[in-house]
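> Let me begin by handing over the structure; questions about it come next.
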Amino acid sequence: MQLSEQEIVRREKLRQLRELGIDPYPAEKYPVDTLSSSVRENYEEGKHVVMAGRLMSRRIQGKASFAEMQDSAGRIQLYFNRDEICEGEDKSAYNDIYKKLLDIGDIIGIEGELFKTQVGEKTVRVKRFTLLSKALRPLPLPKKDAEGKVFDEFNDPEQRYRMRYVDLVVNPNVRETFVKRTKITNSIRRFFNEKGYLEVETPILQPIPGGAAARPFQTHHNALGIPLYLRIANELYLKRLIVGGFDGVYEFAKDFRNEGMDRTHNPEFTVMELYVAYKDYNWMMETTEQLLERVAREANGSTRVSAGGETIDFKAPYPRVPILDAIREHTGIDVDGMDEAALRDAAAGLGIEVDESMGVGKLIDEIFGECCEHHYVQPTFIIDYPKEMSPLTKAHRSKPGLTERFELLVNGKEIANAYSELNDPIDQRERFEEQLKLSEKGDDEAMFIDRDFLRALEFGMPPTSGIGIGIDRLVMLLTDNSSIQEVLFFPQMKPEKKPLELNDEERAIVNILRPAAEMDLGILKEKAGLSNKKWDKATKSLAKKGLFEVSKTEDGLLARFKA
């Protein structure tokens, strides 16, 4: 492992600390009794406090020093005075340990008293300090020049997502996003718990991936000798619980879909699904309005939020727009009653890519998604979807060919999907069989037939309404983030490329060849100054690592560096 200069220095300090008998990673508990937020909000002059956190800055001025420490609630200023920390003749705790062996990023514990500086800054006068964890890598902290311009910010998305632990330390706004995420989920839980609904858990590994039209991840269970799938939705298991006699159940679930990734899609995502007996989709629309109005208030203090430059108001009620009317309004095409061939022609005329595996439902979905979705910025219920688009939804009570389904769109994106749930087992079986035909045509997102779920319906499920709310997208809206990766602690990413380790001979060749990019092989060998044996071994190794290649030209052999 190649270490930077700073990493080498920090490891040397670690060695010196141990030589002094100081454990840089002590095991015993540290008796923290105060957070920085408590100091800010409930300041008491002279109060004794015990605090712990990460050392974030220092301004050493001889025998005194001001520093900043960051804990889970924010930052607090510390004042270190050599004579107060070292009451006797031995001043090494300040002169050697604090000044020379501590670094920015180290985690320390401090005991002291509160006071205010001459400019009114609430500060802790440190009486004792303890090293709790030595940081061996420097934090990527931003710096300001004399004109106030900020440099070296830790803002590269790929680095931030890979090293979220660093992102949380150096970018306070990121921490606030995830604090707000917890407030949002807690608010939803309170809303449902107050209504008496039961929070439950259902299987993540499923023999049949049901409840949505999506491509699943597949694995194999060795002991049972069967294929299993990571769930794409928890709907069918929750409806089994309604069959079993619960009136209202909900679950915050991790779902998985083996599909594309973009700013609003991650293969692993969080959804909340709710099912309530003896209700319909009209009741669910009203309940959704009440829920989101409350969640917005509790998360942001207002029903109005800023998202992507738009001001969005979650105040009820929300418009209700039939999907076929929306398509007619935004495309000028009436797709009502069109067969598959006509829909395919309509989509092509709108410049939408389609393929032979798409049935009526998917073609309508593509047209709506491409031509209509982005128009709905304020919360809007898109309602009454065609039956082909909704294999788990009850047929509309007054509109033949449609179903009692809605999607909630906000800022041009789907946030929730809900139905009057289909509870007719014969109709459900026919719908599943239609999905099987789509699968046979090549639609890898068509639903599987879940025969156990059909058996459950045959025992009788009461009239029920259900909804799924995308928690990640809701958090994006309420925290004004345009990328789903910003609201996931650890979003899925490609494997990080490991830095190639080179020996001295390989490094000598690379250092000569890299600036020139290519060079006569004989000249390169002469400049490298290696024996034939070392040369052969080094060039073969570099070629294997993909850094070096040799090509034949009219003038001889040419060595080329490959980045």
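Identifiers in this document derive from the order of the structure tokens: chains are assigned A, B, ..., residues are numbered from 1 separately in each chain, and ligands are numbered from 1 in order of occurrence.
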Assign secondary structure with DSSP using the backbone only, and return the residues of range 326-399 of chain A in strand (DSSP E) as a list of chain:residue names.
A:Thr380, A:Phe381, A:Ile382, A:Ile383
> With a distance cut-off of 10 Å and only C-alpha atoms, select the neighbouring residues of range 140-147 of chain A, excluding the residue or stretch itself and same-chain residues fewer than 4 positions from it, and output the selection as number ranges by chain.
A: 56-57, 104-105, 151-155, 166-167, 169-171
> Show which residues sit within 7 Å of range 495-508 of chain A, as a list in words. Count only C-alpha atoms, and ignore same-chain residues fewer than 2 positions away.
Met493, Val510, Asn511, Ile512, Ala528, Ala538 and Leu542 of chain A
> Keeping only all heavy atoms, write the selected residues as a PDB file, in the first residue's frame.

```pdb
ATOM      1  N   MET A 493     -22.990   1.551  -6.843  1.00  0.00           N
ATOM      2  CA  MET A 493     -22.016   2.113  -7.778  1.00  0.00           C
ATOM      3  C   MET A 493     -21.183   0.992  -8.387  1.00  0.00           C
ATOM      4  O   MET A 493     -21.119  -0.124  -7.852  1.00  0.00           O
ATOM      5  CB  MET A 493     -21.091   3.107  -7.054  1.00  0.00           C
ATOM      6  CG  MET A 493     -21.822   4.259  -6.395  1.00  0.00           C
ATOM      7  SD  MET A 493     -20.690   5.456  -5.689  1.00  0.00           S
ATOM      8  CE  MET A 493     -20.081   6.237  -7.185  1.00  0.00           C
ATOM      9  N   VAL A 510       7.668   3.709 -16.234  1.00  0.00           N
ATOM     10  CA  VAL A 510       6.461   4.545 -16.369  1.00  0.00           C
ATOM     11  C   VAL A 510       6.810   6.023 -16.271  1.00  0.00           C
ATOM     12  O   VAL A 510       6.301   6.851 -17.035  1.00  0.00           O
ATOM     13  CB  VAL A 510       5.411   4.152 -15.311  1.00  0.00           C
ATOM     14  CG1 VAL A 510       4.295   5.196 -15.243  1.00  0.00           C
ATOM     15  CG2 VAL A 510       4.832   2.770 -15.631  1.00  0.00           C
ATOM     16  N   ASN A 511       7.696   6.381 -15.346  1.00  0.00           N
ATOM     17  CA  ASN A 511       8.056   7.791 -15.168  1.00  0.00           C
ATOM     18  C   ASN A 511       8.743   8.376 -16.405  1.00  0.00           C
ATOM     19  O   ASN A 511       8.636   9.569 -16.681  1.00  0.00           O
ATOM     20  CB  ASN A 511       8.967   7.958 -13.946  1.00  0.00           C
ATOM     21  CG  ASN A 511       8.215   7.758 -12.633  1.00  0.00           C
ATOM     22  OD1 ASN A 511       6.983   7.841 -12.606  1.00  0.00           O
ATOM     23  ND2 ASN A 511       8.940   7.483 -11.565  1.00  0.00           N
ATOM     24  N   ILE A 512       9.421   7.542 -17.145  1.00  0.00           N
ATOM     25  CA  ILE A 512      10.075   8.004 -18.384  1.00  0.00           C
ATOM     26  C   ILE A 512       9.076   8.058 -19.536  1.00  0.00           C
ATOM     27  O   ILE A 512       9.038   9.018 -20.308  1.00  0.00           O
ATOM     28  CB  ILE A 512      11.251   7.069 -18.755  1.00  0.00           C
ATOM     29  CG1 ILE A 512      12.329   7.105 -17.669  1.00  0.00           C
ATOM     30  CG2 ILE A 512      11.846   7.453 -20.115  1.00  0.00           C
ATOM     31  CD1 ILE A 512      13.350   5.994 -17.798  1.00  0.00           C
ATOM     32  N   ALA A 528      16.032   3.798 -18.995  1.00  0.00           N
ATOM     33  CA  ALA A 528      15.627   3.115 -17.754  1.00  0.00           C
ATOM     34  C   ALA A 528      16.837   2.567 -17.010  1.00  0.00           C
ATOM     35  O   ALA A 528      16.821   2.477 -15.771  1.00  0.00           O
ATOM     36  CB  ALA A 528      14.638   1.991 -18.071  1.00  0.00           C
ATOM     37  N   ALA A 538       9.957  -6.359 -15.851  1.00  0.00           N
ATOM     38  CA  ALA A 538       9.161  -5.147 -15.622  1.00  0.00           C
ATOM     39  C   ALA A 538       8.225  -4.865 -16.792  1.00  0.00           C
ATOM     40  O   ALA A 538       7.046  -4.521 -16.593  1.00  0.00           O
ATOM     41  CB  ALA A 538      10.071  -3.951 -15.377  1.00  0.00           C
ATOM     42  N   LEU A 542       4.142  -4.726 -16.705  1.00  0.00           N
ATOM     43  CA  LEU A 542       3.399  -3.534 -17.100  1.00  0.00           C
ATOM     44  C   LEU A 542       2.400  -3.842 -18.214  1.00  0.00           C
ATOM     45  O   LEU A 542       1.296  -3.292 -18.237  1.00  0.00           O
ATOM     46  CB  LEU A 542       4.363  -2.435 -17.557  1.00  0.00           C
ATOM     47  CG  LEU A 542       5.187  -1.751 -16.458  1.00  0.00           C
ATOM     48  CD1 LEU A 542       6.237  -0.842 -17.085  1.00  0.00           C
ATOM     49  CD2 LEU A 542       4.277  -0.958 -15.524  1.00  0.00           C
TER      50      LEU A 542
END
```
> Which polymer residues have any atom within 6 Å of an atom of Gly109 in chain A, counting only C-alpha atoms, with same-chain residues fewer than 2 positions away left out, as a PyMOL selection string?
chain A and resi 51-52+129-130
> For CA of Leu436 in chain A and CA of Leu241 in chain A, determine how far apart the two atoms are, in Å to one decimal place.
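Pair CA of Leu436 in chain A / CA of Leu241 in chain A returns 25.5 Å.
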> What's around range 420-429 of chain A at 8 Å? Count only C-alpha atoms, leave out sequence neighbours fewer than 3 positions away in its own chain, and write the answer as a PyMOL selection string.
chain A and resi 279-281+391-395+404-405+432-433+449+454-455+457-458+460-466
> Mind dumping the selected residues with N, CA, C and O atoms as an mmCIF file, in the first residue's frame?

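Output (part18.cif):
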```cif
data_model
loop_
_atom_site.group_PDB
_atom_site.id
_atom_site.type_symbol
_atom_site.label_atom_id
_atom_site.label_comp_id
_atom_site.auth_asym_id
_atom_site.auth_seq_id
_atom_site.Cartn_x
_atom_site.Cartn_y
_atom_site.Cartn_z
ATOM 1 N N LYS A 279 -61.996 -0.122 2.124
ATOM 2 C CA LYS A 279 -61.772 1.205 1.562
ATOM 3 C C LYS A 279 -61.620 1.088 0.040
ATOM 4 O O LYS A 279 -61.421 -0.007 -0.494
ATOM 5 N N ASP A 280 -61.673 2.251 -0.655
ATOM 6 C CA ASP A 280 -61.454 2.248 -2.101
ATOM 7 C C ASP A 280 -60.453 3.333 -2.473
ATOM 8 O O ASP A 280 -59.918 4.029 -1.605
ATOM 9 N N TYR A 281 -60.218 3.504 -3.783
ATOM 10 C CA TYR A 281 -59.159 4.436 -4.192
ATOM 11 C C TYR A 281 -59.555 5.883 -3.955
ATOM 12 O O TYR A 281 -58.697 6.753 -3.842
ATOM 13 N N PRO A 391 -52.778 -4.962 -13.752
ATOM 14 C CA PRO A 391 -53.226 -6.343 -13.564
ATOM 15 C C PRO A 391 -53.649 -6.700 -12.136
ATOM 16 O O PRO A 391 -54.184 -7.792 -11.920
ATOM 17 N N LEU A 392 -53.432 -5.818 -11.169
ATOM 18 C CA LEU A 392 -53.815 -6.121 -9.790
ATOM 19 C C LEU A 392 -54.936 -5.210 -9.288
ATOM 20 O O LEU A 392 -55.240 -5.177 -8.100
ATOM 21 N N THR A 393 -55.565 -4.480 -10.214
ATOM 22 C CA THR A 393 -56.513 -3.424 -9.848
ATOM 23 C C THR A 393 -57.944 -3.796 -10.215
ATOM 24 O O THR A 393 -58.202 -4.375 -11.269
ATOM 25 N N LYS A 394 -58.880 -3.401 -9.344
ATOM 26 C CA LYS A 394 -60.288 -3.688 -9.571
ATOM 27 C C LYS A 394 -60.796 -2.889 -10.774
ATOM 28 O O LYS A 394 -60.446 -1.709 -10.956
ATOM 29 N N ALA A 395 -61.645 -3.531 -11.582
ATOM 30 C CA ALA A 395 -62.250 -2.856 -12.729
ATOM 31 C C ALA A 395 -63.069 -1.663 -12.249
ATOM 32 O O ALA A 395 -63.686 -1.690 -11.183
ATOM 33 N N GLU A 404 -59.785 1.224 -11.212
ATOM 34 C CA GLU A 404 -59.774 2.222 -10.142
ATOM 35 C C GLU A 404 -58.351 2.320 -9.579
ATOM 36 O O GLU A 404 -58.023 1.762 -8.530
ATOM 37 N N ARG A 405 -57.559 3.034 -10.310
ATOM 38 C CA ARG A 405 -56.148 3.187 -9.966
ATOM 39 C C ARG A 405 -55.762 4.653 -10.097
ATOM 40 O O ARG A 405 -56.295 5.360 -10.940
ATOM 41 N N PHE A 432 -53.452 -12.479 -14.614
ATOM 42 C CA PHE A 432 -52.119 -13.095 -14.559
ATOM 43 C C PHE A 432 -51.815 -13.842 -15.857
ATOM 44 O O PHE A 432 -50.683 -13.829 -16.355
ATOM 45 N N GLU A 433 -52.818 -14.514 -16.398
ATOM 46 C CA GLU A 433 -52.604 -15.270 -17.639
ATOM 47 C C GLU A 433 -52.296 -14.331 -18.801
ATOM 48 O O GLU A 433 -51.504 -14.667 -19.695
ATOM 49 N N ILE A 449 -47.205 -15.618 -12.453
ATOM 50 C CA ILE A 449 -48.448 -16.104 -11.848
ATOM 51 C C ILE A 449 -48.127 -16.605 -10.450
ATOM 52 O O ILE A 449 -47.353 -17.551 -10.275
ATOM 53 N N LEU A 454 -53.368 -16.443 -5.513
ATOM 54 C CA LEU A 454 -54.707 -16.744 -6.024
ATOM 55 C C LEU A 454 -55.481 -17.615 -5.037
ATOM 56 O O LEU A 454 -56.679 -17.402 -4.816
ATOM 57 N N ARG A 455 -54.790 -18.572 -4.435
ATOM 58 C CA ARG A 455 -55.444 -19.421 -3.429
ATOM 59 C C ARG A 455 -55.920 -18.584 -2.246
ATOM 60 O O ARG A 455 -57.020 -18.772 -1.724
ATOM 61 N N LEU A 457 -56.819 -15.423 -2.311
ATOM 62 C CA LEU A 457 -58.005 -14.681 -2.722
ATOM 63 C C LEU A 457 -59.250 -15.572 -2.730
ATOM 64 O O LEU A 457 -60.366 -15.100 -2.473
ATOM 65 N N GLU A 458 -59.056 -16.851 -3.030
ATOM 66 C CA GLU A 458 -60.196 -17.767 -3.067
ATOM 67 C C GLU A 458 -60.800 -17.987 -1.684
ATOM 68 O O GLU A 458 -61.964 -18.386 -1.553
ATOM 69 N N GLY A 460 -61.197 -15.462 0.223
ATOM 70 C CA GLY A 460 -61.943 -14.225 0.398
ATOM 71 C C GLY A 460 -61.128 -13.089 0.977
ATOM 72 O O GLY A 460 -60.653 -13.184 2.106
ATOM 73 N N MET A 461 -60.947 -12.023 0.174
ATOM 74 C CA MET A 461 -60.323 -10.794 0.672
ATOM 75 C C MET A 461 -61.365 -9.695 0.629
ATOM 76 O O MET A 461 -62.038 -9.500 -0.386
ATOM 77 N N PRO A 462 -61.541 -8.954 1.722
ATOM 78 C CA PRO A 462 -62.548 -7.889 1.719
ATOM 79 C C PRO A 462 -62.177 -6.792 0.741
ATOM 80 O O PRO A 462 -61.028 -6.701 0.300
ATOM 81 N N PRO A 463 -63.142 -5.931 0.363
ATOM 82 C CA PRO A 463 -62.789 -4.758 -0.446
ATOM 83 C C PRO A 463 -61.654 -4.013 0.243
ATOM 84 O O PRO A 463 -61.702 -3.764 1.449
ATOM 85 N N THR A 464 -60.636 -3.673 -0.527
ATOM 86 C CA THR A 464 -59.399 -3.133 0.059
ATOM 87 C C THR A 464 -58.822 -2.075 -0.865
ATOM 88 O O THR A 464 -58.931 -2.179 -2.085
ATOM 89 N N SER A 465 -58.203 -1.070 -0.253
ATOM 90 C CA SER A 465 -57.411 -0.128 -1.040
ATOM 91 C C SER A 465 -55.972 -0.181 -0.565
ATOM 92 O O SER A 465 -55.709 -0.315 0.640
ATOM 93 N N GLY A 466 -55.047 -0.084 -1.524
ATOM 94 C CA GLY A 466 -53.625 -0.126 -1.190
ATOM 95 C C GLY A 466 -52.865 0.958 -1.913
ATOM 96 O O GLY A 466 -53.296 1.444 -2.964
#
```
> Might you pull out every residue within 12 Å of Cys86 in chain A, with only C-alpha atoms counted and same-chain residues fewer than 4 positions away left off, and present them as a list in words?
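Residues meeting the cut-off are Lys63, Ala64, Phe80, Asn81, Arg82, Asp90, Lys91, Ser92, Ala93, Tyr94, Asn95, Asp96, Ile97, Tyr98, Val126, Lys127, Arg128 and Phe129 of chain A.
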> Pick from A:Tyr43, A:Phe66, A:Tyr165, A:Phe269: nearest to Ile471 in chain A, with only C-alpha atoms counted?
A:Phe269
> Which of these residues is nearest to Asn300 in chain A, using only C-alpha atoms: A:Arg137, A:Lys545, A:Arg54, A:Lys180?
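Counting only C-alpha atoms, the residue closest to Asn300 in chain A is A:Lys180.
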> For CA of Gly120 in chain A and CA of Gly74 in chain A, determine how far apart the two atoms are, in Å to one decimal place.
18.0 Å
> Find the spatial neighbours of range 221-230 of chain A, counting only C-alpha atoms, within a cut-off of 8 Å - ignore same-chain residues fewer than 3 positions away - and output them as JSON, numbers by chain.
{"A": [204, 205, 206, 207, 208, 209, 216, 217, 218, 255, 256]}
> Kindly indicate which residue among A:Phe368, A:Tyr318, A:Tyr30, A:Tyr25 lies nearest to Ala135 in chain A, using only C-alpha atoms for the distances.
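Result for the nearest residue to Ala135 in chain A: A:Tyr25.
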